[in-house]
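Everything below belongs to entry29.csv, which stores CSV, N, CA and C atoms.
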chain,number,residue,atom,x,y,z
P,1,MET,N,11.1,-20.4,-10.0
P,1,MET,CA,10.5,-19.5,-10.9
P,1,MET,C,9.0,-19.5,-10.8
P,2,LEU,N,8.4,-18.4,-10.7
P,2,LEU,CA,6.9,-18.3,-10.6
P,2,LEU,C,6.3,-18.2,-12.0
P,3,PHE,N,5.3,-18.9,-12.2
P,3,PHE,CA,4.6,-18.9,-13.5
P,3,PHE,C,3.2,-18.3,-13.2
P,4,LEU,N,3.1,-17.0,-13.1
P,4,LEU,CA,1.8,-16.4,-12.8
P,4,LEU,C,1.4,-15.5,-13.9
P,5,ASP,N,0.1,-15.3,-14.2
P,5,ASP,CA,-0.3,-14.4,-15.2
P,5,ASP,C,-0.2,-12.9,-14.7
P,6,TYR,N,-0.5,-12.8,-13.4
P,6,TYR,CA,-0.5,-11.4,-12.8
P,6,TYR,C,0.1,-11.5,-11.4
P,7,ILE,N,0.7,-10.4,-11.0
P,7,ILE,CA,1.2,-10.2,-9.7
P,7,ILE,C,0.5,-8.9,-9.2
P,8,TYR,N,-0.2,-9.0,-8.1
P,8,TYR,CA,-0.9,-7.8,-7.5
P,8,TYR,C,-0.1,-7.3,-6.4
P,9,ILE,N,0.1,-6.0,-6.4
P,9,ILE,CA,0.8,-5.2,-5.3
P,9,ILE,C,-0.1,-4.1,-4.8
P,10,TYR,N,-0.3,-4.1,-3.5
P,10,TYR,CA,-1.2,-3.1,-2.9
P,10,TYR,C,-0.4,-2.0,-2.2
P,11,PHE,N,-0.8,-0.8,-2.4
P,11,PHE,CA,-0.2,0.4,-1.7
P,11,PHE,C,-1.4,1.0,-1.0
P,12,HIS,N,-1.2,1.4,0.3
P,12,HIS,CA,-2.3,2.1,1.0
P,12,HIS,C,-2.0,3.6,0.7
P,13,ASN,N,-2.7,4.2,-0.1
P,13,ASN,CA,-2.6,5.6,-0.6
P,13,ASN,C,-1.6,5.6,-1.8
P,14,LEU,N,-1.9,4.9,-2.9
P,14,LEU,CA,-1.1,4.8,-4.1
P,14,LEU,C,-0.8,6.1,-4.7
P,15,ALA,N,-1.7,7.1,-4.6
P,15,ALA,CA,-1.5,8.4,-5.2
P,15,ALA,C,-0.2,9.0,-4.6
P,16,TYR,N,0.0,8.9,-3.4
P,16,TYR,CA,1.2,9.4,-2.7
P,16,TYR,C,2.4,8.6,-3.1
P,17,ASP,N,2.4,7.3,-3.0
P,17,ASP,CA,3.6,6.5,-3.3
P,17,ASP,C,4.0,6.5,-4.8
P,18,LEU,N,3.0,6.6,-5.6
P,18,LEU,CA,3.2,6.6,-7.1
P,18,LEU,C,4.0,7.8,-7.5
P,19,GLN,N,3.9,8.9,-6.8
P,19,GLN,CA,4.7,10.1,-7.1
P,19,GLN,C,6.2,9.8,-7.0
P,20,PHE,N,6.6,9.0,-6.1
P,20,PHE,CA,8.0,8.6,-5.9
P,20,PHE,C,8.4,7.5,-6.8
P,21,LEU,N,7.5,6.6,-7.1
P,21,LEU,CA,7.8,5.4,-7.9
P,21,LEU,C,7.6,5.5,-9.4
P,22,ARG,N,6.9,6.5,-9.8
P,22,ARG,CA,6.5,6.6,-11.2
P,22,ARG,C,7.6,6.5,-12.2
P,23,LEU,N,8.7,7.3,-12.0
P,23,LEU,CA,9.8,7.3,-13.0
P,23,LEU,C,10.5,5.9,-13.0
P,24,PHE,N,10.7,5.3,-11.8
P,24,PHE,CA,11.3,4.0,-11.8
P,24,PHE,C,10.4,3.0,-12.5
P,25,LEU,N,9.1,3.0,-12.2
P,25,LEU,CA,8.2,2.0,-12.8
P,25,LEU,C,8.1,2.1,-14.3
P,26,PHE,N,8.0,3.4,-14.8
P,26,PHE,CA,7.9,3.6,-16.2
P,26,PHE,C,9.2,3.2,-16.9
P,27,GLU,N,10.4,3.4,-16.3
P,27,GLU,CA,11.6,3.0,-16.9
P,27,GLU,C,11.8,1.5,-16.9
P,28,ALA,N,11.4,0.9,-15.8
P,28,ALA,CA,11.6,-0.6,-15.7
P,28,ALA,C,10.5,-1.3,-16.5
P,29,PHE,N,9.3,-0.9,-16.5
P,29,PHE,CA,8.2,-1.6,-17.1
P,29,PHE,C,7.5,-0.9,-18.3
P,30,ALA,N,8.0,0.2,-18.7
P,30,ALA,CA,7.3,1.0,-19.8
P,30,ALA,C,6.0,1.7,-19.2
P,31,PHE,N,5.3,2.4,-20.1
P,31,PHE,CA,4.1,3.0,-19.6
P,31,PHE,C,3.0,2.0,-19.3
P,32,PRO,N,2.1,2.3,-18.4
P,32,PRO,CA,1.1,1.3,-18.1
P,32,PRO,C,0.2,0.9,-19.3
P,33,LYS,N,-0.2,-0.3,-19.3
P,33,LYS,CA,-1.1,-0.8,-20.3
P,33,LYS,C,-2.5,-0.3,-20.0
P,34,LYS,N,-2.9,-0.3,-18.7
P,34,LYS,CA,-4.2,0.3,-18.3
P,34,LYS,C,-4.0,1.0,-17.0
P,35,GLN,N,-4.8,2.0,-16.8
P,35,GLN,CA,-4.8,2.8,-15.6
P,35,GLN,C,-6.2,3.3,-15.3
P,36,LEU,N,-6.7,3.1,-14.2
P,36,LEU,CA,-8.0,3.7,-13.8
P,36,LEU,C,-7.9,4.6,-12.6
P,37,ASN,N,-8.3,5.9,-12.8
P,37,ASN,CA,-8.2,6.9,-11.8
P,37,ASN,C,-9.6,7.4,-11.4
P,38,THR,N,-9.7,7.8,-10.1
P,38,THR,CA,-10.9,8.4,-9.7
P,38,THR,C,-10.9,9.9,-10.1
P,39,LYS,N,-9.7,10.5,-10.2
P,39,LYS,CA,-9.5,11.8,-10.7
P,39,LYS,C,-8.1,11.9,-11.0
P,40,PRO,N,-7.6,13.0,-11.7
P,40,PRO,CA,-6.2,13.0,-12.1
P,40,PRO,C,-5.3,12.8,-10.9
P,41,HIS,N,-4.3,11.9,-11.1
P,41,HIS,CA,-3.3,11.6,-10.1
P,41,HIS,C,-3.8,10.8,-8.9
P,42,TYR,N,-5.0,10.2,-9.0
P,42,TYR,CA,-5.5,9.4,-8.0
P,42,TYR,C,-5.9,8.0,-8.6
P,43,PRO,N,-4.9,7.2,-8.8
P,43,PRO,CA,-5.2,5.9,-9.5
P,43,PRO,C,-5.8,4.9,-8.5
P,44,ILE,N,-6.8,4.1,-9.0
P,44,ILE,CA,-7.3,2.9,-8.3
P,44,ILE,C,-6.4,1.7,-8.6
P,45,TYR,N,-6.0,1.6,-9.9
P,45,TYR,CA,-5.0,0.6,-10.2
P,45,TYR,C,-4.2,1.0,-11.4
P,46,VAL,N,-3.0,0.4,-11.6
P,46,VAL,CA,-2.2,0.6,-12.7
P,46,VAL,C,-1.7,-0.8,-13.1
P,47,GLU,N,-1.9,-1.1,-14.4
P,47,GLU,CA,-1.5,-2.4,-14.9
P,47,GLU,C,-0.4,-2.2,-16.0
P,48,PHE,N,0.6,-3.0,-15.9
P,48,PHE,CA,1.7,-3.0,-16.8
P,48,PHE,C,1.7,-4.2,-17.7
P,49,ASN,N,2.4,-4.2,-18.9
P,49,ASN,CA,2.4,-5.3,-19.8
P,49,ASN,C,3.0,-6.6,-19.3
P,50,ASN,N,3.8,-6.5,-18.3
P,50,ASN,CA,4.5,-7.7,-17.7
P,50,ASN,C,3.6,-8.4,-16.7
P,51,GLY,N,2.4,-8.0,-16.5
P,51,GLY,CA,1.5,-8.6,-15.6
P,51,GLY,C,1.5,-8.1,-14.2
P,52,ILE,N,2.3,-7.1,-13.9
P,52,ILE,CA,2.2,-6.4,-12.6
P,52,ILE,C,1.1,-5.4,-12.5
P,53,ILE,N,0.2,-5.6,-11.5
P,53,ILE,CA,-0.9,-4.7,-11.3
P,53,ILE,C,-0.8,-4.1,-9.9
P,54,ILE,N,-0.8,-2.8,-9.8
P,54,ILE,CA,-0.6,-2.1,-8.6
P,54,ILE,C,-2.0,-1.5,-8.2
P,55,ARG,N,-2.5,-1.8,-7.0
P,55,ARG,CA,-3.8,-1.3,-6.6
P,55,ARG,C,-3.7,-0.4,-5.4
P,56,ASP,N,-4.7,0.4,-5.2
P,56,ASP,CA,-4.7,1.3,-4.0
P,56,ASP,C,-5.7,0.8,-3.0
P,57,SER,N,-5.2,0.2,-1.9
P,57,SER,CA,-6.1,-0.3,-0.8
P,57,SER,C,-6.8,0.8,-0.1
P,58,LEU,N,-6.3,2.0,-0.1
P,58,LEU,CA,-7.0,3.1,0.6
P,58,LEU,C,-8.3,3.4,-0.1
P,59,ILE,N,-8.3,3.5,-1.5
P,59,ILE,CA,-9.6,3.8,-2.2
P,59,ILE,C,-10.5,2.6,-2.1
P,60,LEU,N,-9.9,1.4,-2.2
P,60,LEU,CA,-10.8,0.2,-2.1
P,60,LEU,C,-11.4,0.0,-0.7
P,61,SER,N,-10.7,0.3,0.3
P,61,SER,CA,-11.2,0.1,1.7
P,61,SER,C,-12.0,1.3,2.2
P,62,GLN,N,-11.8,2.5,1.6
P,62,GLN,CA,-12.4,3.7,2.1
P,62,GLN,C,-12.1,4.0,3.6
P,63,ARG,N,-10.9,3.6,4.0
P,63,ARG,CA,-10.5,3.9,5.4
P,63,ARG,C,-9.0,4.2,5.4
P,64,SER,N,-8.6,5.1,6.3
P,64,SER,CA,-7.2,5.3,6.6
P,64,SER,C,-6.7,4.0,7.2
P,65,LEU,N,-5.4,3.8,7.2
P,65,LEU,CA,-4.8,2.7,7.8
P,65,LEU,C,-5.1,2.7,9.3
P,66,ALA,N,-5.0,3.9,9.9
P,66,ALA,CA,-5.3,4.0,11.4
P,66,ALA,C,-6.7,3.6,11.7
P,67,LYS,N,-7.7,4.0,10.9
P,67,LYS,CA,-9.1,3.6,11.1
P,67,LYS,C,-9.3,2.2,10.8
P,68,TRP,N,-8.7,1.7,9.7
P,68,TRP,CA,-9.0,0.3,9.3
P,68,TRP,C,-8.4,-0.7,10.3
P,69,SER,N,-7.2,-0.4,10.8
P,69,SER,CA,-6.6,-1.3,11.8
P,69,SER,C,-7.3,-1.2,13.2
P,70,LYS,N,-7.9,-0.1,13.5
P,70,LYS,CA,-8.7,0.1,14.7
P,70,LYS,C,-10.0,-0.7,14.6
P,71,ASP,N,-10.6,-0.6,13.4
P,71,ASP,CA,-11.9,-1.3,13.1
P,71,ASP,C,-11.7,-2.8,13.2
P,72,LEU,N,-10.6,-3.3,12.8
P,72,LEU,CA,-10.3,-4.7,12.8
P,72,LEU,C,-9.7,-5.2,14.1
P,73,ASN,N,-9.5,-4.3,15.0
P,73,ASN,CA,-8.9,-4.6,16.3
P,73,ASN,C,-7.5,-5.2,16.2
P,74,ILE,N,-6.6,-4.6,15.4
P,74,ILE,CA,-5.3,-5.1,15.2
P,74,ILE,C,-4.4,-4.6,16.3
P,75,GLU,N,-3.6,-5.6,16.8
P,75,GLU,CA,-2.7,-5.3,18.0
P,75,GLU,C,-1.8,-4.1,17.7
P,76,HIS,N,-1.1,-4.1,16.6
P,76,HIS,CA,-0.1,-3.0,16.3
P,76,HIS,C,-0.9,-1.9,15.6
P,77,GLN,N,-1.3,-0.8,16.3
P,77,GLN,CA,-2.0,0.3,15.7
P,77,GLN,C,-1.0,1.3,15.1
P,78,LYS,N,-1.4,2.0,14.1
P,78,LYS,CA,-0.6,3.0,13.5
P,78,LYS,C,-0.2,4.0,14.5
P,79,ALA,N,1.1,4.4,14.6
P,79,ALA,CA,1.5,5.4,15.5
P,79,ALA,C,1.3,6.8,15.0
P,80,VAL,N,0.1,7.3,15.0
P,80,VAL,CA,-0.3,8.6,14.5
P,80,VAL,C,0.4,9.7,15.2
P,81,GLY,N,1.0,10.6,14.4
P,81,GLY,CA,1.6,11.7,15.0
P,81,GLY,C,3.1,11.5,15.4
P,82,ALA,N,3.6,10.3,15.2
P,82,ALA,CA,5.0,10.1,15.5
P,82,ALA,C,6.0,10.4,14.4
P,83,TRP,N,5.5,10.7,13.2
P,83,TRP,CA,6.4,11.0,12.1
P,83,TRP,C,6.3,12.5,11.8
P,84,ASP,N,7.5,13.1,11.7
P,84,ASP,CA,7.6,14.6,11.4
P,84,ASP,C,7.6,14.8,9.8
P,85,TYR,N,6.4,15.1,9.3
P,85,TYR,CA,6.2,15.3,7.9
P,85,TYR,C,6.9,16.6,7.4
P,86,THR,N,7.2,17.5,8.3
P,86,THR,CA,7.8,18.8,7.8
P,86,THR,C,9.3,18.6,7.7
P,87,LYS,N,9.9,17.6,8.2
P,87,LYS,CA,11.4,17.4,8.1
P,87,LYS,C,11.8,17.0,6.7
P,88,ILE,N,12.8,17.7,6.2
P,88,ILE,CA,13.3,17.4,4.9
P,88,ILE,C,14.2,16.2,5.0
P,89,ARG,N,14.0,15.2,4.1
P,89,ARG,CA,14.7,14.0,4.2
P,89,ARG,C,15.4,13.7,2.9
P,90,HIS,N,16.6,13.1,2.9
P,90,HIS,CA,17.3,12.7,1.8
P,90,HIS,C,17.7,11.2,1.8
P,91,GLN,N,18.0,10.6,0.7
P,91,GLN,CA,18.2,9.2,0.6
P,91,GLN,C,19.4,8.8,1.6
P,92,GLN,N,20.4,9.6,1.7
P,92,GLN,CA,21.5,9.3,2.5
P,92,GLN,C,21.3,9.4,4.0
P,93,ASP,N,20.2,10.0,4.3
P,93,ASP,CA,19.8,10.2,5.8
P,93,ASP,C,19.3,8.8,6.3
P,94,ASN,N,20.0,8.3,7.2
P,94,ASN,CA,19.6,7.0,7.8
P,94,ASN,C,19.5,7.0,9.3
P,95,GLU,N,19.5,8.2,9.9
P,95,GLU,CA,19.4,8.3,11.3
P,95,GLU,C,17.9,8.6,11.6
P,96,PHE,N,17.3,7.7,12.4
P,96,PHE,CA,15.9,7.9,12.8
P,96,PHE,C,15.8,8.1,14.3
P,97,THR,N,14.9,8.9,14.7
P,97,THR,CA,14.6,9.0,16.2
P,97,THR,C,13.9,7.8,16.6
P,98,ALA,N,13.7,7.6,17.9
P,98,ALA,CA,13.0,6.5,18.5
P,98,ALA,C,11.5,6.6,18.1
P,99,ASP,N,11.0,7.8,18.0
P,99,ASP,CA,9.6,8.0,17.6
P,99,ASP,C,9.4,7.6,16.1
P,100,GLU,N,10.4,8.0,15.3
P,100,GLU,CA,10.3,7.6,13.9
P,100,GLU,C,10.4,6.1,13.7
P,101,LEU,N,11.3,5.4,14.4
P,101,LEU,CA,11.4,4.0,14.3
P,101,LEU,C,10.1,3.3,14.8
P,102,LEU,N,9.5,3.8,15.8
P,102,LEU,CA,8.2,3.3,16.3
P,102,LEU,C,7.1,3.5,15.2
P,103,TYR,N,7.1,4.6,14.5
P,103,TYR,CA,6.2,4.9,13.5
P,103,TYR,C,6.4,3.9,12.3
P,104,ILE,N,7.6,3.8,11.9
P,104,ILE,CA,7.9,2.9,10.8
P,104,ILE,C,7.5,1.4,11.1
P,105,SER,N,7.9,0.9,12.2
P,105,SER,CA,7.6,-0.5,12.6
P,105,SER,C,6.0,-0.6,12.7
P,106,ASN,N,5.4,0.3,13.4
P,106,ASN,CA,3.9,0.1,13.5
P,106,ASN,C,3.2,0.3,12.2
P,107,GLU,N,3.7,1.1,11.3
P,107,GLU,CA,3.1,1.3,10.0
P,107,GLU,C,3.2,-0.1,9.3
P,108,LEU,N,4.3,-0.7,9.3
P,108,LEU,CA,4.5,-2.0,8.7
P,108,LEU,C,3.7,-3.1,9.3
P,109,TYR,N,3.7,-3.2,10.6
P,109,TYR,CA,2.9,-4.2,11.3
P,109,TYR,C,1.4,-4.0,11.1
P,110,SER,N,1.0,-2.8,11.3
P,110,SER,CA,-0.4,-2.4,11.1
P,110,SER,C,-0.9,-2.8,9.7
P,111,SER,N,-0.1,-2.5,8.7
P,111,SER,CA,-0.5,-2.9,7.3
P,111,SER,C,-0.5,-4.4,7.1
P,112,LEU,N,0.5,-5.0,7.6
P,112,LEU,CA,0.6,-6.5,7.4
P,112,LEU,C,-0.5,-7.2,8.1
P,113,PHE,N,-0.7,-6.9,9.4
P,113,PHE,CA,-1.8,-7.6,10.1
P,113,PHE,C,-3.2,-7.3,9.7
P,114,THR,N,-3.4,-6.0,9.2
P,114,THR,CA,-4.7,-5.6,8.7
P,114,THR,C,-5.0,-6.5,7.4
P,115,PHE,N,-4.0,-6.6,6.5
P,115,PHE,CA,-4.3,-7.4,5.3
P,115,PHE,C,-4.4,-8.9,5.6
P,116,CYS,N,-3.6,-9.4,6.6
P,116,CYS,CA,-3.7,-10.8,7.0
P,116,CYS,C,-5.1,-11.1,7.6
P,117,LYS,N,-5.6,-10.2,8.4
P,117,LYS,CA,-7.0,-10.4,9.0
P,117,LYS,C,-8.0,-10.3,7.9
P,118,LEU,N,-7.8,-9.4,6.9
P,118,LEU,CA,-8.8,-9.3,5.8
P,118,LEU,C,-8.8,-10.6,5.0
P,119,ILE,N,-7.6,-11.2,4.7
P,119,ILE,CA,-7.5,-12.4,4.0
P,119,ILE,C,-8.2,-13.5,4.8
P,120,GLN,N,-7.9,-13.6,6.1
P,120,GLN,CA,-8.6,-14.6,6.9
P,120,GLN,C,-10.1,-14.5,6.8
P,121,PHE,N,-10.6,-13.3,6.9
P,121,PHE,CA,-12.0,-13.0,6.8
P,121,PHE,C,-12.6,-13.6,5.5
P,122,PHE,N,-11.9,-13.3,4.4
P,122,PHE,CA,-12.4,-13.8,3.1
P,122,PHE,C,-12.3,-15.3,2.9
P,123,ILE,N,-11.3,-15.9,3.4
P,123,ILE,CA,-11.2,-17.3,3.4
P,123,ILE,C,-12.3,-18.0,4.2
P,124,THR,N,-12.5,-17.4,5.4
P,124,THR,CA,-13.6,-17.9,6.2
P,124,THR,C,-15.0,-17.8,5.5
P,125,TYR,N,-15.2,-16.6,4.9
P,125,TYR,CA,-16.4,-16.3,4.2
P,125,TYR,C,-16.6,-17.3,3.0
P,126,ILE,N,-15.5,-17.6,2.3
P,126,ILE,CA,-15.6,-18.5,1.1
P,126,ILE,C,-15.9,-19.9,1.6
P,127,ILE,N,-15.3,-20.3,2.6
P,127,ILE,CA,-15.6,-21.7,3.2
P,127,ILE,C,-17.0,-21.8,3.6
P,128,LYS,N,-17.6,-20.8,4.3
P,128,LYS,CA,-18.9,-20.8,4.7
P,128,LYS,C,-19.9,-20.8,3.6
P,129,CYS,N,-19.5,-20.3,2.4
P,129,CYS,CA,-20.4,-20.2,1.3
P,129,CYS,C,-20.5,-21.5,0.5
P,130,LYS,N,-19.5,-22.4,0.7
P,130,LYS,CA,-19.5,-23.6,-0.1
P,130,LYS,C,-20.6,-24.6,0.3

Would you mind writing the file's structure down as structure tokens?
Amino acid sequence: MLFLDYIYIYFHNLAYDLQFLRLFLFEAFAFPKKQLNTKPHYPIYVEFNNGIIIRDSLILSQRSLAKWSKDLNIEHQKAVGAWDYTKIRHQQDNEFTADELLYISNELYSSLFTFCKLIQFFITYIIKCK
């Protein structure tokens, strides 16, 4: 069991993802205790009474994932252009093309390694400042 006051969850482009998660989150955690937006429907963070805080790494970094991972020289770059955004998808659809699987895996690895490198940078910076 974890005994934490807050749990931070980052989404890269929270405004997009929150459109899909909003109803689930509000049903599971009630309405947010606090929410800070840059403009309507563009949240920087959303805080719930149970201590879950969702933040937008896109707004905080001011970079797309493709640009951010390139700037940090991440091995797994985002596969830009490999996802067909015009294709209508349903939950029961579970067949992906090779390009779509490449996009999904690179999106995940790019996000993961970008955040890991950022954490390493901050740890190194904190140690140097002591």

Item to complete: Can you work out which one of P:Asn73, P:Gln35, P:Ser111, P:Gln91 has the shortest atom-to-atom distance to P:Tyr10, counting only C-alpha atoms?
Response: P:Ser111

Discussion item. Just to confirm, what's the straight-line distance from atom N of P:Pro43 to atom C of P:Ala15 in Å (one decimal)?
Written reply: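 Those two atoms sit 6.6 Å apart.
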
Worksheet item: Could you state the separation of atom CA of P:Glu100 and atom CA of P:Leu60 in Å, given to one decimal place?
Response: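 Interatomic distance here is 27.5 Å.
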
Fill in: For P:Leu108, the nearest of the candidates P:Lys67, P:His12, P:Tyr45, P:Lys128, counting only C-alpha atoms
P:His12

Discussion item. Which residues are near stretch 74-88 of chain P? Cut-off 6 Å, all atoms listed in the file, ignore same chain within fewer than 2 positions. Put them as a list in words.
Written reply: Ala66, Ser69, Lys70, Asp71, Leu72, His90, Asp99, Glu100, Leu102, Tyr103, Asn106, Glu107, Tyr109 and Ser110 of chain P

Worksheet item: Between atom CA of P:Gln62 and atom CA of P:Leu118, what is the distance, to one decimal in Å?
Response: 14.0 Å
